[in-house]
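Next comes upload_36.cif, a file with mmCIF, C-alpha atoms.
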data_work
#
loop_
_atom_site.label_atom_id
_atom_site.label_comp_id
_atom_site.auth_asym_id
_atom_site.auth_seq_id
_atom_site.Cartn_x
_atom_site.Cartn_y
_atom_site.Cartn_z
CA MET A 17 4.72 14.12 -34.31
CA ALA A 18 5.83 17.63 -35.28
CA ALA A 19 4.05 17.37 -38.63
CA THR A 20 0.73 16.55 -37.03
CA ASP A 21 1.23 19.29 -34.44
CA ALA A 22 1.83 21.87 -37.17
CA ALA A 23 -1.22 20.95 -39.18
CA PRO A 24 -3.85 19.79 -36.69
CA THR A 25 -6.85 17.95 -38.00
CA PRO A 26 -10.17 19.41 -36.84
CA ALA A 27 -11.12 18.13 -33.42
CA ARG A 28 -13.59 15.30 -33.58
CA SER A 29 -15.20 13.67 -30.57
CA ARG A 30 -14.10 10.10 -30.38
CA PRO A 31 -16.04 7.28 -28.78
CA LEU A 32 -15.03 6.76 -25.14
CA SER A 33 -15.09 3.49 -23.29
CA PRO A 34 -17.72 3.49 -20.55
CA HIS A 35 -16.28 4.55 -17.22
CA LEU A 36 -17.32 4.01 -13.58
CA SER A 37 -20.16 6.52 -13.63
CA VAL A 38 -22.00 4.49 -16.28
CA TYR A 39 -22.58 1.51 -14.03
CA ARG A 40 -24.81 1.01 -11.02
CA LEU A 41 -22.61 0.91 -7.93
CA THR A 42 -22.23 -2.61 -6.57
CA LEU A 43 -20.61 -3.78 -3.34
CA THR A 44 -17.60 -5.38 -5.00
CA MET A 45 -17.09 -2.24 -7.09
CA ALA A 46 -17.16 -0.07 -3.99
CA MET A 47 -14.66 -2.45 -2.36
CA SER A 48 -12.30 -2.03 -5.29
CA ILE A 49 -12.50 1.75 -4.95
CA ILE A 50 -12.02 1.63 -1.16
CA HIS A 51 -8.99 -0.63 -1.67
CA ARG A 52 -7.40 2.08 -3.82
CA ILE A 53 -8.38 4.88 -1.45
CA THR A 54 -7.00 3.08 1.61
CA GLY A 55 -3.82 2.34 -0.35
CA ALA A 56 -3.41 6.00 -1.26
CA ALA A 57 -4.15 7.05 2.34
CA LEU A 58 -1.47 4.67 3.63
CA TYR A 59 0.93 6.12 1.06
CA VAL A 60 0.56 9.51 2.73
CA GLY A 61 0.27 8.02 6.23
CA VAL A 62 3.76 6.54 6.08
CA LEU A 63 4.99 10.13 6.39
CA LEU A 64 3.76 10.06 10.00
CA LEU A 65 5.75 6.88 10.65
CA ALA A 66 8.85 8.48 9.13
CA TRP A 67 8.32 11.58 11.29
CA PHE A 68 7.98 9.44 14.44
CA LEU A 69 11.11 7.38 13.66
CA ILE A 70 13.25 10.39 12.69
CA ALA A 71 12.14 12.29 15.79
CA ALA A 72 13.03 9.30 17.98
CA SER A 73 16.45 9.17 16.34
CA MET A 74 17.13 12.86 17.08
CA ASP A 75 16.51 14.04 20.63
CA ALA A 76 13.92 14.17 23.40
CA ALA A 77 12.55 17.56 22.25
CA ALA A 78 11.88 16.44 18.67
CA PHE A 79 10.42 13.17 19.95
CA GLY A 80 8.18 15.06 22.36
CA ILE A 81 6.57 17.03 19.54
CA ALA A 82 5.93 13.94 17.39
CA SER A 83 4.76 11.79 20.29
CA GLY A 84 2.64 14.64 21.67
CA PHE A 85 0.82 15.03 18.37
CA LEU A 86 0.30 11.30 17.82
CA ASN A 87 -1.03 10.87 21.36
CA SER A 88 -3.41 13.86 21.10
CA ILE A 89 -7.07 13.27 20.27
CA LEU A 90 -6.53 14.29 16.64
CA GLY A 91 -3.39 12.17 16.44
CA ARG A 92 -5.19 9.17 17.90
CA LEU A 93 -8.05 9.60 15.42
CA ILE A 94 -5.60 9.70 12.52
CA LEU A 95 -3.76 6.67 13.89
CA PHE A 96 -7.01 4.74 14.30
CA GLY A 97 -7.85 5.59 10.69
CA PHE A 98 -4.34 4.53 9.68
CA THR A 99 -4.64 1.12 11.37
CA TRP A 100 -8.13 0.66 9.91
CA ALA A 101 -6.85 1.47 6.41
CA LEU A 102 -3.96 -0.93 7.02
CA PHE A 103 -6.20 -3.80 8.15
CA HIS A 104 -8.82 -3.15 5.47
CA HIS A 105 -6.19 -3.04 2.76
CA MET A 106 -4.53 -6.18 4.16
CA LEU A 107 -7.80 -8.14 4.16
CA GLY A 108 -8.51 -6.82 0.66
CA GLY A 109 -5.11 -8.13 -0.37
CA ILE A 110 -5.86 -11.54 1.13
CA ARG A 111 -9.12 -11.48 -0.90
CA HIS A 112 -7.06 -10.93 -4.03
CA ILE A 113 -4.71 -13.78 -3.10
CA VAL A 114 -7.76 -16.05 -2.69
CA TRP A 115 -8.93 -15.02 -6.16
CA ASP A 116 -5.44 -15.52 -7.59
CA ALA A 117 -5.56 -19.08 -6.29
CA GLY A 118 -8.77 -19.54 -8.26
CA TYR A 119 -11.30 -19.58 -5.41
CA GLY A 120 -14.21 -17.38 -4.36
CA MET A 121 -15.24 -15.98 -7.71
CA ASP A 122 -18.94 -16.93 -7.73
CA ALA A 123 -21.38 -14.10 -7.03
CA PRO A 124 -22.39 -15.22 -3.49
CA GLN A 125 -18.75 -15.87 -2.57
CA ARG A 126 -17.68 -12.48 -3.90
CA GLU A 127 -20.35 -10.79 -1.79
CA TRP A 128 -19.38 -12.82 1.25
CA LEU A 129 -15.70 -11.96 0.83
CA ALA A 130 -16.55 -8.28 0.43
CA TRP A 131 -18.57 -8.23 3.66
CA ALA A 132 -15.88 -10.22 5.49
CA THR A 133 -13.26 -7.67 4.41
CA LEU A 134 -15.44 -4.70 5.33
CA ILE A 135 -16.49 -5.98 8.75
CA GLY A 136 -13.17 -7.69 9.43
CA GLY A 137 -11.23 -4.47 8.93
CA ILE A 138 -13.40 -2.57 11.41
CA VAL A 139 -13.43 -5.38 13.98
CA LEU A 140 -9.65 -5.91 13.75
CA SER A 141 -8.89 -2.21 14.28
CA ILE A 142 -11.27 -1.84 17.23
CA LEU A 143 -9.98 -5.07 18.77
CA THR A 144 -6.34 -4.09 18.28
CA TRP A 145 -6.78 -0.68 19.91
CA ALA A 146 -8.92 -2.07 22.74
CA ILE A 147 -6.34 -4.74 23.58
CA GLY A 148 -3.39 -2.45 22.83
CA LEU A 149 -4.62 0.31 25.12
CA ALA A 150 -5.40 -2.20 27.86
CA VAL A 151 -1.97 -3.88 27.67
CA TYR A 152 0.27 -0.84 27.18
CA MET B 1 -3.86 -26.33 -26.40
CA ALA B 2 -0.65 -25.80 -28.31
CA ASP B 3 -2.47 -26.49 -31.57
CA ASP B 4 -5.33 -24.08 -30.83
CA PRO B 5 -6.27 -22.76 -34.29
CA ASN B 6 -7.76 -19.57 -32.82
CA THR B 7 -4.53 -18.04 -31.57
CA LEU B 8 -1.50 -16.57 -33.25
CA ARG B 9 0.62 -17.19 -30.15
CA THR B 10 3.43 -19.67 -30.54
CA PRO B 11 3.76 -22.46 -27.96
CA LEU B 12 7.03 -20.87 -26.77
CA GLY B 13 5.28 -17.51 -26.31
CA ARG B 14 2.62 -19.22 -24.25
CA VAL B 15 5.18 -20.91 -22.02
CA ARG B 16 7.11 -17.68 -21.45
CA TYR B 17 3.83 -16.03 -20.38
CA LEU B 18 5.14 -12.53 -20.98
CA GLY B 19 2.41 -11.13 -23.20
CA SER B 20 3.10 -8.49 -25.81
CA ALA B 21 4.54 -5.93 -23.37
CA ARG B 22 7.23 -8.44 -22.25
CA SER B 23 7.79 -7.03 -18.79
CA GLY B 24 4.37 -6.52 -17.17
CA MET B 25 4.27 -9.85 -15.39
CA ARG B 26 7.25 -9.00 -13.22
CA GLU B 27 5.50 -5.97 -11.72
CA ASP B 28 2.39 -8.04 -11.14
CA TRP B 29 4.40 -10.80 -9.51
CA LEU B 30 6.29 -8.38 -7.23
CA MET B 31 2.95 -6.92 -6.12
CA ARG B 32 1.73 -10.41 -5.16
CA LEU B 33 5.03 -11.30 -3.51
CA THR B 34 5.19 -8.16 -1.35
CA SER B 35 1.51 -8.44 -0.41
CA VAL B 36 2.03 -11.98 0.90
CA ALA B 37 5.08 -10.85 2.88
CA LEU B 38 3.16 -7.89 4.26
CA VAL B 39 0.39 -9.96 5.88
CA PRO B 40 2.50 -11.15 8.84
CA LEU B 41 4.65 -7.99 8.77
CA THR B 42 1.60 -5.73 9.08
CA ILE B 43 0.18 -7.60 12.05
CA ALA B 44 3.55 -7.49 13.81
CA PHE B 45 4.04 -3.81 12.89
CA VAL B 46 0.68 -2.69 14.29
CA TRP B 47 1.46 -4.42 17.54
CA LEU B 48 4.92 -2.83 17.70
CA LEU B 49 3.46 0.58 16.84
CA LEU B 50 0.96 0.43 19.69
CA SER B 51 3.66 -0.50 22.17
CA LEU B 52 5.91 2.34 20.91
CA LEU B 53 3.13 4.94 21.14
CA ALA B 54 2.70 4.28 24.84
CA LYS B 55 6.42 4.73 25.56
CA ASP B 56 8.46 7.86 26.30
CA TYR B 57 11.66 8.89 24.49
CA ASN B 58 13.96 6.52 26.36
CA GLY B 59 11.43 3.70 26.17
CA VAL B 60 11.09 3.99 22.40
CA ARG B 61 14.86 4.14 21.93
CA ALA B 62 15.35 1.11 24.16
CA GLU B 63 12.67 -0.85 22.28
CA LEU B 64 13.98 0.03 18.80
CA GLY B 65 17.52 -0.54 20.09
CA HIS B 66 16.73 -4.25 20.34
CA PRO B 67 17.50 -6.23 17.19
CA LEU B 68 14.12 -7.92 16.77
CA PRO B 69 11.84 -4.85 16.85
CA ALA B 70 14.38 -2.89 14.77
CA ILE B 71 14.62 -5.60 12.10
CA LEU B 72 10.84 -5.97 12.07
CA MET B 73 10.38 -2.22 11.65
CA MET B 74 12.92 -2.04 8.81
CA LEU B 75 11.42 -5.07 7.04
CA PHE B 76 7.95 -3.54 7.24
CA VAL B 77 9.24 -0.19 5.98
CA LEU B 78 11.22 -1.69 3.08
CA VAL B 79 8.61 -4.18 1.88
CA GLY B 80 5.71 -1.81 2.62
CA ILE B 81 7.18 1.17 0.80
CA TYR B 82 8.18 -0.99 -2.17
CA HIS B 83 4.61 -2.32 -2.28
CA MET B 84 3.01 1.12 -1.99
CA GLN B 85 5.29 2.52 -4.71
CA LEU B 86 4.18 -0.29 -7.02
CA GLY B 87 0.55 0.38 -6.15
CA MET B 88 0.85 4.11 -6.80
CA ARG B 89 2.53 3.24 -10.11
CA SER B 90 -0.58 1.43 -11.29
CA VAL B 91 -2.84 4.22 -9.99
CA ILE B 92 -0.78 6.74 -11.99
CA ALA B 93 -0.89 4.50 -15.06
CA ASP B 94 -4.68 4.40 -14.78
CA TYR B 95 -5.46 8.07 -14.17
CA VAL B 96 -2.58 10.21 -15.43
CA SER B 97 -1.61 10.62 -19.07
CA GLY B 98 0.97 12.38 -21.22
CA HIS B 99 3.95 14.18 -19.74
CA ALA B 100 2.21 14.46 -16.39
CA ARG B 101 2.45 10.67 -16.15
CA GLU B 102 6.21 10.72 -16.60
CA TRP B 103 6.55 13.37 -13.89
CA ALA B 104 4.17 11.53 -11.57
CA LEU B 105 6.07 8.24 -11.98
CA MET B 106 9.32 10.05 -11.24
CA VAL B 107 7.97 11.85 -8.16
CA ASN B 108 6.53 8.54 -6.95
CA LEU B 109 9.95 6.88 -7.08
CA PHE B 110 11.72 9.85 -5.46
CA PHE B 111 9.13 10.02 -2.66
CA ALA B 112 9.21 6.30 -1.96
CA GLY B 113 13.00 6.11 -2.13
CA ALA B 114 13.56 9.08 0.16
CA LEU B 115 10.94 7.90 2.63
CA ALA B 116 12.40 4.38 2.81
CA LEU B 117 15.92 5.70 3.27
CA ALA B 118 14.80 8.15 5.97
CA CYS B 119 13.04 5.43 7.97
CA ILE B 120 15.93 2.97 7.69
CA TYR B 121 18.44 5.67 8.62
CA ALA B 122 16.40 6.65 11.66
CA VAL B 123 16.08 3.07 12.94
CA LEU B 124 19.80 2.39 12.43
CA ARG B 125 20.70 5.67 14.15
CA ILE B 126 18.58 4.74 17.16
CA GLY B 127 20.36 1.39 17.35
CA PHE B 128 23.93 2.52 16.78
CA VAL B 129 24.27 6.14 17.93
#

Kindly present the structure from the file in structure tokens form.
Amino acid sequence: MAATDAAPTPARSRPLSPHLSVYRLTLTMAMSIIHRITGAALYVGVLLLAWFLIAASMDAAAFGIASGFLNSILGRLILFGFTWALFHHMLGGIRHIVWDAGYGMDAPQREWLAWATLIGGIVLSILTWAIGLAVY
Amino acid sequence: MADDPNTLRTPLGRVRYLGSARSGMREDWLMRLTSVALVPLTIAFVWLLLSLLAKDYNGVRAELGHPLPAILMMLFVLVGIYHMQLGMRSVIADYVSGHAREWALMVNLFFAGALALACIYAVLRIGFV
């Protein structure tokens, strides 16, 4: 490696493999991207869960701050987004399990599964919060 | 199949199903395994979370002081954080290169490990302290 670093060959543009921007955006492509984005969002969102649990393990004052934020309008919005991301990602995962089993790979089935995931995630989160807020 | 003239793979290599990298299948399998486990765990977690949010300090401590909600919470945290660490690993492998990739993979493990330990510690402390 050191030898090549010392005597660099002149830079030459190499052929690149076509990336996302080359293709027309399709529904299943968008779903793949959203799956990653929701996954990354949940990665960060778990910090809120850790905060809540640690605060509850400390004392009433620490818990009050965490609970106060999570039950504020902003906190509730973030939590709704968190549960949506969770449900959307979960349904996306189920879609992948269906594919792993060898089903649902034809074009109409792929489209149907994509819509089911998209709508299912929204419906599940609204339903959960509606029932959850009514019960608790 | 075993006598396919168009492949250089030996029948034993085909049976082992490891590919040329030897270890990639395990990561893939763990991703599948944790995702299956997370389907029921996620549904139970969301329900638990909503009940906890409505409670005050003593209510939350009483709820998480019970074995079932506490075990459920810890299972979700452990399996979920393992799953998300694996997922971030493949995101890093796709988008980060060079030395930055090594750092990113390291930070990913540190973050996930610390977060998992913090959550487990908190739940156990609520139950036992």

Test item: the PyMOL selection byres ((chain B) within 6 of (chain A)) resolved as a ChimeraX atom specification:
/B:57,119,122,125-126

Could you please determine the separation between atom CA of B:Leu50 and atom CA of A:Phe96 in Å, to one decimal place?
10.5 Å

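Among the candidates A:Gly91, A:Gly61, A:Trp128, A:Arg111, the one nearest to B:Gly80 when counting only C-alpha atoms is A:Gly61.
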
Point (10.9, -4.3, 11.5), cut-off 10 Å, counting all atoms listed in the file, residues as an mmCIF file with C-alpha atoms, keeping the file's coordinate frame:
data_model
loop_
_atom_site.group_PDB
_atom_site.id
_atom_site.type_symbol
_atom_site.label_atom_id
_atom_site.label_comp_id
_atom_site.auth_asym_id
_atom_site.auth_seq_id
_atom_site.Cartn_x
_atom_site.Cartn_y
_atom_site.Cartn_z
ATOM 1 C CA LEU B 41 4.650 -7.990 8.770
ATOM 2 C CA THR B 42 1.600 -5.730 9.080
ATOM 3 C CA ALA B 44 3.550 -7.490 13.810
ATOM 4 C CA PHE B 45 4.040 -3.810 12.890
ATOM 5 C CA LEU B 48 4.920 -2.830 17.700
ATOM 6 C CA LEU B 64 13.980 0.030 18.800
ATOM 7 C CA PRO B 67 17.500 -6.230 17.190
ATOM 8 C CA LEU B 68 14.120 -7.920 16.770
ATOM 9 C CA PRO B 69 11.840 -4.850 16.850
ATOM 10 C CA ALA B 70 14.380 -2.890 14.770
ATOM 11 C CA ILE B 71 14.620 -5.600 12.100
ATOM 12 C CA LEU B 72 10.840 -5.970 12.070
ATOM 13 C CA MET B 73 10.380 -2.220 11.650
ATOM 14 C CA MET B 74 12.920 -2.040 8.810
ATOM 15 C CA LEU B 75 11.420 -5.070 7.040
ATOM 16 C CA PHE B 76 7.950 -3.540 7.240
ATOM 17 C CA VAL B 77 9.240 -0.190 5.980
ATOM 18 C CA LEU B 78 11.220 -1.690 3.080
ATOM 19 C CA VAL B 79 8.610 -4.180 1.880
ATOM 20 C CA ILE B 120 15.930 2.970 7.690
ATOM 21 C CA VAL B 123 16.080 3.070 12.940
#

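Note on the selection: in this file the PyMOL selection byres ((chain B and resi 101-109) around 10) comes out as Tyr82, Met84, Gln85, Leu86, Met88, Arg89, Ser90, Val91, Ile92, Ala93, Asp94, Tyr95, Val96, Ser97, Gly98, His99, Ala100, Phe110, Phe111, Ala112, Gly113, Ala114 and Leu115 of chain B.
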